[in-house]
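Enquirer: What follows is a structure written as structure tokens; I'll ask about it next.
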Amino acid sequence: MGLTIGVDIGGTKIAAGVVDEEGAILSTHTVPTPGTPEGIVDAIAAAVEGARAGHEIVGVGIGAAGYVDRQRSTVYFAPNIDWRQEPLKEKVEARVGLPVVVENDANAAAWGEYKFGAGKGHRNVICITLGTGLGGGIIIGNKLRRGHFGVAAEFGHIRMVPDGLLCGCGSQGCWEQYASGRALVRYARQRAHATPENAELLLSLGDGTPEGIEGKHISMAARQGDPVAVDSYRELARWAGAGLADLASLFDPSAFIVGGGLSDEGELVLDPIRNSYKRWLVGGDWRPVAEVIAAQLGNKAGLVGAADLAREPDPIM
């Protein structure tokens with residue numbers, strides 16, 4: 001089908017990249033993320049035009065953080081952008097003069113990993129992204145499964161704890177409140193407040209107070225054995241693994257691919273996730289156990305996946 005452009009809409013920048021059929025990125029162009037919906041459409045168009053210079057492009061795929069309809073056209077709702085029933089495909093096509101496909105960003109990242117990264121060789125994989133929040137994607141029988149209305153795999157908003165912590169979605173007890181970057185910071189601050197003597201290194205990396213602890217501090221401290229930082233990762237992993245066990249009961253994949261910023265910590269987070277997953281997997285001592293593996297494409301997964309989905313006439317089943 002030729003070259004396509006993938007677009008990744010981030011909180012601070014919008015990145016567009018020309019991607020070939022082997023998943024290689026040939027050129028990229030980034031622009032700042034504006035603060036208004038119409039400004040974002042303008043910025044997407046500018047990023048696409050910047051990336052496509054000198055290339056013959058056949059289509060554009062956009063990864064958007066939100067609920068996208070089955071036709072891969074309209075964003076029903078986006079939590080961090082004021083998009084409500086936003087006809088994003090129509091607006092961007094009018095600006096760039098190319099066919100456009102809109103996809104949920106976590107689905108796009110999952111497809112990228114399945115096709116070109118850690119999922120190569122698997123037919124049935126579940127991807128989760130552990131970042132600021134928790135997202136995911138479902139690939140079963142080599143197909144991206146998006147559900148009847150197109151909004152499946154919003155794993156972060158599975159209710160893990162009845163009447164639990166309030167989530168940004170308006171519900172309570174959502175999985176991402178217990179297994180995400182935000183959750184990790186909350187665990188570390190709570191523990192540092194309760195036992196500051198066990199968090200000396202962690203506290204020294206910030207401003208000396210529990211409130212000054214950030215995600216990067218927890219990572220640095222955990223690598224050096226800070227007890228509170230290590231225990232905070234274990235708490236996050238306990239919840240992440242328990243959720244994977246539930247997903248195994250639903251989908252029975254051959255592998256779980258763990259991506260997002262937290263996966264960059266490698267075995268520091270993956271090994272305790274595996275242990276928790278096996279602990280909570282029903283019949284785990286007597287059944288095959290899916291692999292839990294790290295994503296390989298890093299922050300390029302969404303861009304590469306969105307570009308490849310622009311080549312798919314209908315990847316939805």
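In the structure tokens, the first chain shown is A, the next is B, and so on; residue numbers restart at 1 for each chain, and ligands run from 1 in the order shown.
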Applying 7 Å and only C-alpha atoms, which residues near segment 51-55 of chain A remain after dropping the ones on its own chain fewer than 5 positions away? List them as a list in words.
Expert: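 Near neighbours after the sequence-gap exclusion: Ala16, Gly17, Val18, Ser27, Thr28 and His29 of chain A.
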Enquirer: Print the selection's residues with C-alpha atoms to a file, as an mmCIF file, in the first residue's frame.
Expert:
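Here's the written file result-v6.cif:
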```cif
data_model
loop_
_atom_site.group_PDB
_atom_site.id
_atom_site.type_symbol
_atom_site.label_atom_id
_atom_site.label_comp_id
_atom_site.auth_asym_id
_atom_site.auth_seq_id
_atom_site.Cartn_x
_atom_site.Cartn_y
_atom_site.Cartn_z
ATOM 1 C CA ALA A 16 3.856 12.845 12.856
ATOM 2 C CA GLY A 17 6.051 10.272 11.173
ATOM 3 C CA VAL A 18 6.285 8.641 7.745
ATOM 4 C CA SER A 27 10.952 11.007 8.751
ATOM 5 C CA THR A 28 9.245 12.866 11.579
ATOM 6 C CA HIS A 29 7.922 16.322 12.341
#
```
Enquirer: Near Asp20 of chain A, within 9 Å and counting only C-alpha atoms, which residues show up once chain neighbours fewer than 3 positions away are dropped, as a compact mmCIF listing (two decimals) with all heavy atoms, in the first residue's frame?
Expert:
```txt
# COMPACT_ATOMS: atom_id res chain seq x y z
N GLY A 2 2.15 1.15 0.30
CA GLY A 2 2.98 2.33 0.27
C GLY A 2 3.15 2.97 1.63
O GLY A 2 2.84 2.39 2.67
N LEU A 3 3.63 4.21 1.64
CA LEU A 3 3.96 4.91 2.86
C LEU A 3 2.73 5.58 3.47
O LEU A 3 1.88 6.12 2.75
CB LEU A 3 5.02 5.98 2.58
CG LEU A 3 6.34 5.50 1.97
CD1 LEU A 3 7.26 6.68 1.71
CD2 LEU A 3 7.02 4.48 2.87
N THR A 4 2.66 5.53 4.78
CA THR A 4 1.59 6.22 5.50
C THR A 4 2.22 7.07 6.60
O THR A 4 3.38 6.90 6.96
CB THR A 4 0.59 5.24 6.13
OG1 THR A 4 1.30 4.28 6.92
CG2 THR A 4 -0.21 4.51 5.06
N ILE A 5 1.42 7.98 7.14
CA ILE A 5 1.86 8.83 8.25
C ILE A 5 1.07 8.47 9.50
O ILE A 5 -0.15 8.36 9.47
CB ILE A 5 1.68 10.32 7.90
CG1 ILE A 5 2.70 10.73 6.83
CG2 ILE A 5 1.85 11.19 9.15
CD1 ILE A 5 2.56 12.17 6.38
N GLY A 23 7.37 -1.04 9.25
CA GLY A 23 7.32 -0.37 10.53
C GLY A 23 8.47 0.59 10.79
O GLY A 23 8.61 1.11 11.91
N ALA A 24 9.30 0.85 9.78
CA ALA A 24 10.41 1.78 9.95
C ALA A 24 9.94 3.22 9.77
O ALA A 24 9.17 3.52 8.85
CB ALA A 24 11.50 1.47 8.93
N ILE A 25 10.39 4.10 10.65
CA ILE A 25 10.05 5.52 10.57
C ILE A 25 11.09 6.21 9.69
O ILE A 25 12.28 6.20 9.99
CB ILE A 25 10.02 6.15 11.96
CG1 ILE A 25 8.97 5.46 12.84
CG2 ILE A 25 9.73 7.64 11.87
CD1 ILE A 25 8.96 5.93 14.27
N LEU A 26 10.63 6.82 8.61
CA LEU A 26 11.52 7.43 7.62
C LEU A 26 11.76 8.90 7.87
O LEU A 26 12.82 9.43 7.53
CB LEU A 26 10.96 7.22 6.21
CG LEU A 26 10.64 5.77 5.82
CD1 LEU A 26 10.18 5.71 4.38
CD2 LEU A 26 11.84 4.86 6.04
N ALA A 307 0.03 4.55 11.96
CA ALA A 307 0.38 4.57 10.54
C ALA A 307 0.00 3.26 9.86
O ALA A 307 -0.54 3.25 8.75
CB ALA A 307 1.88 4.84 10.37
N ASP A 308 0.27 2.14 10.54
CA ASP A 308 -0.03 0.86 9.92
C ASP A 308 -1.54 0.62 9.82
O ASP A 308 -2.02 0.04 8.84
CB ASP A 308 0.63 -0.28 10.70
CG ASP A 308 0.66 -1.57 9.91
OD1 ASP A 308 1.36 -1.63 8.88
OD2 ASP A 308 -0.05 -2.53 10.29
```
Enquirer: Residues of segment 137-311 of chain A classed as helix (DSSP H, G or I) by DSSP on the backbone are to be reported as a PyMOL selection string.
Expert: chain A and resi 155-157+175-177+181-194+196-198+200-205+210-212+215-223+227-251+261-265+267-280+298-309
Enquirer: Which residue, A:Glu154, A:Glu21, A:Val41, A:Gly168, has the smallest gap to Asn80 of chain A when you use only C-alpha atoms?
Expert: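 Among A:Glu154, A:Glu21, A:Val41, A:Gly168, it is A:Gly168 that comes nearest to Asn80 of chain A.
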Enquirer: So which residues touch Pro87 of chain A within 8 Å, counting only C-alpha atoms, skipping near sequence neighbours fewer than 3 positions away, as a list in words?
Expert: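 Result of the neighbour search: Ser73, Thr74, Val75, Glu90 and Lys91 of chain A.
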Enquirer: Just write the chosen residues, N, CA, C and O atoms, as a CSV table (one decimal), in the first residue's frame.
Expert:
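selection05.csv was written with the following content:
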```
chain,number,residue,atom,x,y,z
A,73,SER,N,-13.6,7.3,12.9
A,73,SER,CA,-13.9,8.6,12.3
A,73,SER,C,-14.1,9.7,13.4
A,73,SER,O,-13.5,10.7,13.3
A,74,THR,N,-14.9,9.4,14.3
A,74,THR,CA,-15.4,10.4,15.3
A,74,THR,C,-14.9,10.1,16.7
A,74,THR,O,-14.9,8.9,17.1
A,75,VAL,N,-14.4,11.1,17.4
A,75,VAL,CA,-14.0,10.9,18.8
A,75,VAL,C,-15.2,11.2,19.7
A,75,VAL,O,-15.7,12.3,19.7
A,90,GLU,N,-13.0,13.8,9.4
A,90,GLU,CA,-13.5,14.7,8.4
A,90,GLU,C,-12.7,16.0,8.4
A,90,GLU,O,-12.3,16.6,7.3
A,91,LYS,N,-12.4,16.5,9.6
A,91,LYS,CA,-11.7,17.8,9.7
A,91,LYS,C,-10.3,17.7,9.2
A,91,LYS,O,-9.8,18.6,8.4
```
Enquirer: Would you pick out the contacts of Gly173 of chain A at 9 Å or less, using only C-alpha atoms, so that residues sharing its chain but fewer than 2 positions from it are not included, and give the list as number ranges by chain?
Expert: A: 157-167, 171, 175-178
Enquirer: Would you save the residues of that selection, restricted to N, CA and C atoms, as a PDB file, in the first residue's frame?
Expert:
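Saved the output as again29.pdb:
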```pdb
ATOM      1  N   HIS A 157     -10.461   1.512  33.263  1.00  0.00           N
ATOM      2  CA  HIS A 157     -11.697   1.874  33.940  1.00  0.00           C
ATOM      3  C   HIS A 157     -12.545   0.660  34.312  1.00  0.00           C
ATOM      4  N   ILE A 158     -11.878  -0.502  34.363  1.00  0.00           N
ATOM      5  CA  ILE A 158     -12.488  -1.645  35.040  1.00  0.00           C
ATOM      6  C   ILE A 158     -12.490  -1.348  36.541  1.00  0.00           C
ATOM      7  N   ARG A 159     -13.604  -1.572  37.182  1.00  0.00           N
ATOM      8  CA  ARG A 159     -13.692  -1.275  38.620  1.00  0.00           C
ATOM      9  C   ARG A 159     -13.077  -2.420  39.420  1.00  0.00           C
ATOM     10  N   MET A 160     -11.924  -2.149  39.993  1.00  0.00           N
ATOM     11  CA  MET A 160     -11.225  -3.149  40.790  1.00  0.00           C
ATOM     12  C   MET A 160     -11.671  -3.133  42.249  1.00  0.00           C
ATOM     13  N   VAL A 161     -12.054  -1.960  42.741  1.00  0.00           N
ATOM     14  CA  VAL A 161     -12.403  -1.808  44.159  1.00  0.00           C
ATOM     15  C   VAL A 161     -13.762  -1.126  44.248  1.00  0.00           C
ATOM     16  N   PRO A 162     -14.807  -1.835  44.649  1.00  0.00           N
ATOM     17  CA  PRO A 162     -16.113  -1.193  44.797  1.00  0.00           C
ATOM     18  C   PRO A 162     -16.022   0.001  45.753  1.00  0.00           C
ATOM     19  N   ASP A 163     -16.561   1.129  45.315  1.00  0.00           N
ATOM     20  CA  ASP A 163     -16.542   2.353  46.126  1.00  0.00           C
ATOM     21  C   ASP A 163     -15.126   2.760  46.514  1.00  0.00           C
ATOM     22  N   GLY A 164     -14.170   2.478  45.614  1.00  0.00           N
ATOM     23  CA  GLY A 164     -12.777   2.805  45.879  1.00  0.00           C
ATOM     24  C   GLY A 164     -12.447   4.245  45.535  1.00  0.00           C
ATOM     25  N   LEU A 165     -11.194   4.477  45.197  1.00  0.00           N
ATOM     26  CA  LEU A 165     -10.724   5.839  44.940  1.00  0.00           C
ATOM     27  C   LEU A 165     -11.457   6.460  43.754  1.00  0.00           C
ATOM     28  N   LEU A 166     -11.736   7.745  43.856  1.00  0.00           N
ATOM     29  CA  LEU A 166     -12.401   8.465  42.776  1.00  0.00           C
ATOM     30  C   LEU A 166     -11.462   8.571  41.573  1.00  0.00           C
ATOM     31  N   CYS A 167     -11.978   8.262  40.404  1.00  0.00           N
ATOM     32  CA  CYS A 167     -11.206   8.313  39.164  1.00  0.00           C
ATOM     33  C   CYS A 167     -11.593   9.551  38.372  1.00  0.00           C
ATOM     34  N   SER A 171     -15.988   7.611  37.897  1.00  0.00           N
ATOM     35  CA  SER A 171     -16.313   6.397  38.633  1.00  0.00           C
ATOM     36  C   SER A 171     -15.389   6.263  39.839  1.00  0.00           C
ATOM     37  N   TRP A 175      -9.178   0.531  37.852  1.00  0.00           N
ATOM     38  CA  TRP A 175      -7.869  -0.131  37.885  1.00  0.00           C
ATOM     39  C   TRP A 175      -6.734   0.880  37.815  1.00  0.00           C
ATOM     40  N   GLU A 176      -6.858   1.924  36.993  1.00  0.00           N
ATOM     41  CA  GLU A 176      -5.748   2.846  36.833  1.00  0.00           C
ATOM     42  C   GLU A 176      -5.476   3.671  38.086  1.00  0.00           C
ATOM     43  N   GLN A 177      -6.412   3.681  39.020  1.00  0.00           N
ATOM     44  CA  GLN A 177      -6.147   4.356  40.290  1.00  0.00           C
ATOM     45  C   GLN A 177      -5.216   3.551  41.186  1.00  0.00           C
ATOM     46  N   TYR A 178      -4.964   2.298  40.802  1.00  0.00           N
ATOM     47  CA  TYR A 178      -4.127   1.418  41.619  1.00  0.00           C
ATOM     48  C   TYR A 178      -2.904   0.903  40.862  1.00  0.00           C
TER      49      TYR A 178
END
```
Enquirer: Residues within 8 Å of segment 203-217 of chain A, please, as a PyMOL selection string. Count only C-alpha atoms; anything in the same chain fewer than 5 positions from it doesn't count.
Expert: chain A and resi 181+184-185+188-190+192-193+196
Enquirer: Residues within 7 Å of Gly241 of chain A, please, as a list of chain:residue names. Count only C-alpha atoms; anything in the same chain fewer than 5 positions from it doesn't count.
Expert: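 The residues that qualify are A:Ile273, A:Arg274, A:Ser276, A:Tyr277.
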Enquirer: Could you write those residues out with N, CA and C atoms, as a compact mmCIF listing (two decimals), in the first residue's frame?
Expert:
```txt
# COMPACT_ATOMS: atom_id res chain seq x y z
N ILE A 273 5.26 -7.95 38.69
CA ILE A 273 3.97 -8.10 38.01
C ILE A 273 3.73 -9.57 37.68
N ARG A 274 4.77 -10.25 37.17
CA ARG A 274 4.63 -11.68 36.86
C ARG A 274 4.26 -12.48 38.11
N SER A 276 2.74 -11.46 40.83
CA SER A 276 1.36 -11.18 41.23
C SER A 276 0.37 -11.84 40.29
N TYR A 277 0.66 -11.78 38.99
CA TYR A 277 -0.21 -12.40 38.00
C TYR A 277 -0.37 -13.90 38.28
```
Enquirer: Show which residues sit within 6 Å of segment 108-122 of chain A, as number ranges by chain. Count only C-alpha atoms, and ignore same-chain residues fewer than 5 positions away.
Expert: A: 127, 137, 295-297, 301-302, 304-306
Enquirer: In Å, rounded to a single decimal, give me how far atom CA of Asp246 of chain A is from atom CA of Ser219 of chain A.
Expert: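 Those two atoms sit 27.2 Å apart.
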